[in-house]
Amino acid sequence: MKSFGKSRLPSRHVTEGPQRAPHRSYLYAMGITEAGIHAPLVGVATTWNEAAPCNITLGRQAQVVKKGVAAAGGTPREFTTITVTDGIAMGHQGMKSSLVSREVIADSVELTMRGHCYDALVGLAGCDKSLPGLMMAMLRLNVPSVFMYGGSILPGKYKGKQVTVVDVFEGVGKYSAGGMSEEELHELEQVACPSAGSCGGQFTANTMACVSEAIGLALPGSAGAPAPYESRDAFAFESGQAVMMLLKNKIRPRDIVTRKALENAAAVVAATGGSTNAALHLPAMAHEAGIAFDVFDVGKIFKKTPYLADLMPGGKYTAKDLYEAGGVQAVMKTLLDGGFLHGDCLTVTGKTVKENLRQSCKPRSGRAESIDPAQTYGVSQDVVYPYNKPISPTGGVVILKGNLAPEGAIVKVAGMKNLAFKGPARCFDSEEECFAAVEKKKYKKGDVLVIRYEGPRGGPGMREMLSTTAALYGQGMGEHVALITDGRFSGGTRGFCIGHVGPEAAASGPIGLIKDGDIITIDAAKGTIEVNLSPAEMSRRRKAWKPRAHDFQSGALWKYAQGVGPAAKGAVTHPGAEAEAHVFADI
């Protein structure tokens with residue numbers, strides 16, 4: 001263990017010297033040997049729980065990570081943190097907890113690592129906010145770290161077609177419109193989620209899983225295999241070994257996550273038609289590393305990156321299909337060949353992106369195989385298109401700006417035919433108000449539905465609106481109305497749905513000033529979102545505007561609302577690396 005230089009590691013504060021005898025006694029009590037006590041202590045953090053299938057396999061995978069750590073000379077120490085599962089929190093007040101959970105996850109991992117002076121970290125996550133939450137903690141602590149995704153769910157089958165949970169949400173809309181019987185809806189809900197794993201389309205979890213590889217914090221290929229596949233064990237073991245290699249070679253997360261790595265991550269989001277939530281999480285991760293990278297920086301990459309992967313919800317295929325077509329590595333290789341990716345970025349393998357792509361480890365049929373990318377990438381080109389024949393020349397996600405959103409807004413255009421919309425505003429001051437109107441069909445074709453006071457501060461918690469957007473699609477109206485909000489949308493949302501409108505209504509943003517009938521014009525091709533109000537009229541309305549109180553005047557949501565920043569910068573709750581006076585890894 002001397003090769004790891006224990007005298008410079010954080011764990012020396014709890015394991016070395018006569019004064020640490022009481023501390024060591026606790027470690028002996030857990031069966032750790034003397035050699036194990038004096039080895040590097042490696043945190044193995046998971047978001048395992050019984051709340052949803054996204055997280056249920058993480059405990060088993062963590063046991064294999066621990067074996068990898070131990071085989072490489074480390075002492076693994078497993079701990080868990082919370083997660084809020086969006087699919088179950090969706091459509092009610094529980095969704096206010098979702099984005100807040102990202103901060104709690106990052107904070108709780110930080111506190112556990114600090115309190116016990118662990119030297120390195122392997123983090124395993126399943127549901128949406130747990131992925132960025134763990135990666136944010138890695139960047140904040142800056143100890144050698146490896147991220148591993150728990151894997152996607154297998155697609156369901158209904159009437160001969162692949163389905164995901166989004167089909168069930170849209171089924172609720174079909175039922176309310178008379179297009180599906182209660183018996184059919186019941187049959188669909190029973191088959192849509194047939195296994196453990198995170199939601200199966202290119203929704204937020206799979207988007208951020210792709211980010212974990214693209215940004216360099218996860219082993220190549222580790223994001224691809226579905227959760228039930230035993231091939232995940234090979235990646236788990238290798239992740240445990242990799243973190244020990246990083247520790248020995250003194251490679252830290254901030255060595256890996258540079259501005260160019262963030263640009264790589266944004267490019268992969270764009271190329272896969274990924275979740276709009278990535279434009280919230282990438283700035284938050286950059287914030288932890290002290291890198292200025294806001295929603296407009298993300299948007300610049302989106303604008304110049306081709307849309308390549310035909311994935312749900314805008315496309316045809318699931319995460320399992322992408323895995324079988326070569327996984328995120330196939331997307332990255334295609335982008336690299338087209339000059340859309342920085343190949344010289346360092347990764348957790350100790351090699352560069354380009355070096356990794358020359359020889360990747362790709363799991364198939366329950367085993368890991370060493371493959372020649374030239375023989376594999378490019379197959380199934382109806383899943384991943386060539387860079388010179390993309391689905392569209394610009395990414396599947398677009399950043400908008402205008403007098404309705406001076407701090408920006410975001411729309412997922414993957415799969416959309418029409419990129420412009422103009423219509424009268426129909427304003428609602430909560431998601432519940434809008435959903436009730438949709439359920440009763442109290443809206444018209446051509447309306448722009450506006451849901452406000454759902455931003456990070458005003459919600460509080462910046463809820464997702466999948467129940468409402470899916471109901472619109474289920475009613476066959478998804479192409480005939482637009483929806484804008486200062487809240488968020490699920491990665492499963494499709495259609496003309498604009499989120500993250502900033503400043504939010506609670507900050508007297510323009511979205512809080514518009515009235516029913518105001519004409520709103522959206523042009524995703526030009527990247528604009530405007531309301532037909534003069535600056536003078538906007539100023540007059542702002543003077544008459546009064547803040548609204550929300551129902552959370554104590555507890556975690558109140559605390560979050562006091563300190564959260566704007567969505568454009570990631571909706572973060574602390575000053576970040578730019579203001580830090582020390583880094584945990586150097587204590």
# chains A, B, ... in the order shown; residues from 1 in each chain; ligands from 1

call {"tool": "residues_around", "arguments": {"residues": "stretch 98-114 of chain A", "least_positions_apart": "4", "cutoff": "8 Å", "atoms": "only C-alpha atoms", "output": "list in words"}}
result
Gly43, Ala45, Thr81, Ile82, Thr83, Val84, Thr85, Asp86, Ala89, Gly94, Tyr118, Lys129, Ser130, Pro132, Gly133, Leu134, Met135, Met136, Ala137, Arg140, Leu141, Gly461, Met462, Arg463, Leu557, Tyr560, Val572, Thr573 and Phe584 of chain A

call {"tool": "select_by_dssp", "arguments": {"residues": "stretch 177-279 of chain A", "states": "helix (DSSP H, G or I)", "output": "PDB file with C-alpha atoms, in the first residue's frame"}}
result
ATOM      1  CA  GLU A 182     -59.639   1.673 -19.286  1.00  0.00           C
ATOM      2  CA  GLU A 183     -58.936  -2.023 -19.908  1.00  0.00           C
ATOM      3  CA  GLU A 184     -56.371  -1.197 -22.616  1.00  0.00           C
ATOM      4  CA  LEU A 185     -54.679   1.368 -20.380  1.00  0.00           C
ATOM      5  CA  HIS A 186     -54.508  -1.207 -17.596  1.00  0.00           C
ATOM      6  CA  GLU A 187     -52.968  -3.761 -19.964  1.00  0.00           C
ATOM      7  CA  LEU A 188     -50.390  -1.193 -21.150  1.00  0.00           C
ATOM      8  CA  GLU A 189     -49.335  -0.220 -17.629  1.00  0.00           C
ATOM      9  CA  GLN A 190     -48.672  -3.869 -16.811  1.00  0.00           C
ATOM     10  CA  VAL A 191     -46.236  -4.456 -19.690  1.00  0.00           C
ATOM     11  CA  THR A 204     -32.857  12.231 -18.774  1.00  0.00           C
ATOM     12  CA  ALA A 205     -31.275   9.144 -17.186  1.00  0.00           C
ATOM     13  CA  ASN A 206     -29.956   7.721 -20.453  1.00  0.00           C
ATOM     14  CA  THR A 207     -28.946  11.193 -21.627  1.00  0.00           C
ATOM     15  CA  MET A 208     -26.827  11.754 -18.527  1.00  0.00           C
ATOM     16  CA  ALA A 209     -25.471   8.205 -18.795  1.00  0.00           C
ATOM     17  CA  CYS A 210     -24.214   9.133 -22.266  1.00  0.00           C
ATOM     18  CA  VAL A 211     -22.777  12.315 -20.737  1.00  0.00           C
ATOM     19  CA  SER A 212     -20.855  10.264 -18.157  1.00  0.00           C
ATOM     20  CA  GLU A 213     -18.934   8.514 -20.930  1.00  0.00           C
ATOM     21  CA  ALA A 214     -18.609  11.543 -23.196  1.00  0.00           C
ATOM     22  CA  ARG A 232     -22.631  -4.956 -16.120  1.00  0.00           C
ATOM     23  CA  ASP A 233     -20.640  -6.865 -13.496  1.00  0.00           C
ATOM     24  CA  ALA A 234     -17.534  -6.714 -15.680  1.00  0.00           C
ATOM     25  CA  PHE A 235     -17.791  -2.933 -15.869  1.00  0.00           C
ATOM     26  CA  ALA A 236     -18.458  -2.723 -12.133  1.00  0.00           C
ATOM     27  CA  PHE A 237     -15.306  -4.701 -11.335  1.00  0.00           C
ATOM     28  CA  GLU A 238     -13.277  -2.645 -13.812  1.00  0.00           C
ATOM     29  CA  SER A 239     -14.642   0.596 -12.331  1.00  0.00           C
ATOM     30  CA  GLY A 240     -13.331  -0.457  -8.925  1.00  0.00           C
ATOM     31  CA  GLN A 241      -9.936  -1.220 -10.418  1.00  0.00           C
ATOM     32  CA  ALA A 242      -9.916   1.997 -12.448  1.00  0.00           C
ATOM     33  CA  VAL A 243     -10.408   4.236  -9.436  1.00  0.00           C
ATOM     34  CA  MET A 244      -7.332   2.701  -7.815  1.00  0.00           C
ATOM     35  CA  MET A 245      -5.331   3.361 -10.983  1.00  0.00           C
ATOM     36  CA  LEU A 246      -6.481   6.986 -10.901  1.00  0.00           C
ATOM     37  CA  LEU A 247      -5.486   7.234  -7.242  1.00  0.00           C
ATOM     38  CA  LYS A 248      -2.041   5.816  -7.938  1.00  0.00           C
ATOM     39  CA  ASN A 249      -1.515   8.140 -10.913  1.00  0.00           C
ATOM     40  CA  PRO A 253     -12.022  14.670 -11.886  1.00  0.00           C
ATOM     41  CA  ARG A 254     -11.010  18.256 -12.632  1.00  0.00           C
ATOM     42  CA  ASP A 255      -8.146  16.934 -14.747  1.00  0.00           C
ATOM     43  CA  ILE A 256     -10.781  15.157 -16.818  1.00  0.00           C
ATOM     44  CA  ARG A 259     -14.238  22.959 -20.937  1.00  0.00           C
ATOM     45  CA  LYS A 260     -13.497  20.748 -23.945  1.00  0.00           C
ATOM     46  CA  ALA A 261     -14.882  17.725 -22.092  1.00  0.00           C
ATOM     47  CA  LEU A 262     -18.066  19.679 -21.335  1.00  0.00           C
ATOM     48  CA  GLU A 263     -18.317  20.537 -25.023  1.00  0.00           C
ATOM     49  CA  ASN A 264     -17.971  16.823 -25.827  1.00  0.00           C
ATOM     50  CA  ALA A 265     -20.792  16.055 -23.420  1.00  0.00           C
ATOM     51  CA  ALA A 266     -23.036  18.716 -24.966  1.00  0.00           C
ATOM     52  CA  ALA A 267     -22.258  17.372 -28.443  1.00  0.00           C
ATOM     53  CA  VAL A 268     -23.370  13.867 -27.455  1.00  0.00           C
ATOM     54  CA  VAL A 269     -26.591  15.259 -25.954  1.00  0.00           C
ATOM     55  CA  ALA A 270     -27.300  17.081 -29.215  1.00  0.00           C
ATOM     56  CA  ALA A 271     -26.404  14.115 -31.405  1.00  0.00           C
ATOM     57  CA  ALA A 278     -28.826  18.225 -19.712  1.00  0.00           C
ATOM     58  CA  ALA A 279     -28.729  21.993 -20.280  1.00  0.00           C
TER      59      ALA A 279
END

call {"tool": "select_by_dssp", "arguments": {"residues": "stretch 20-224 of chain A", "states": "strand (DSSP E or B)", "output": "VMD selection string"}}
result
chain A and resid 41 to 46 75 to 80 120 to 125 145 to 149 152 156 to 158 161 to 163 198 218

call {"tool": "closest_residue", "arguments": {"among": "A:His574, A:Met416, A:Val481, A:Ile291", "to": "A:Val438", "atoms": "only C-alpha atoms"}}
result
A:Val481

call {"tool": "residues_around", "arguments": {"residues": "A:Glu170", "least_positions_apart": "3", "cutoff": "8 Å", "atoms": "only C-alpha atoms", "output": "count of residues only"}}
result
10
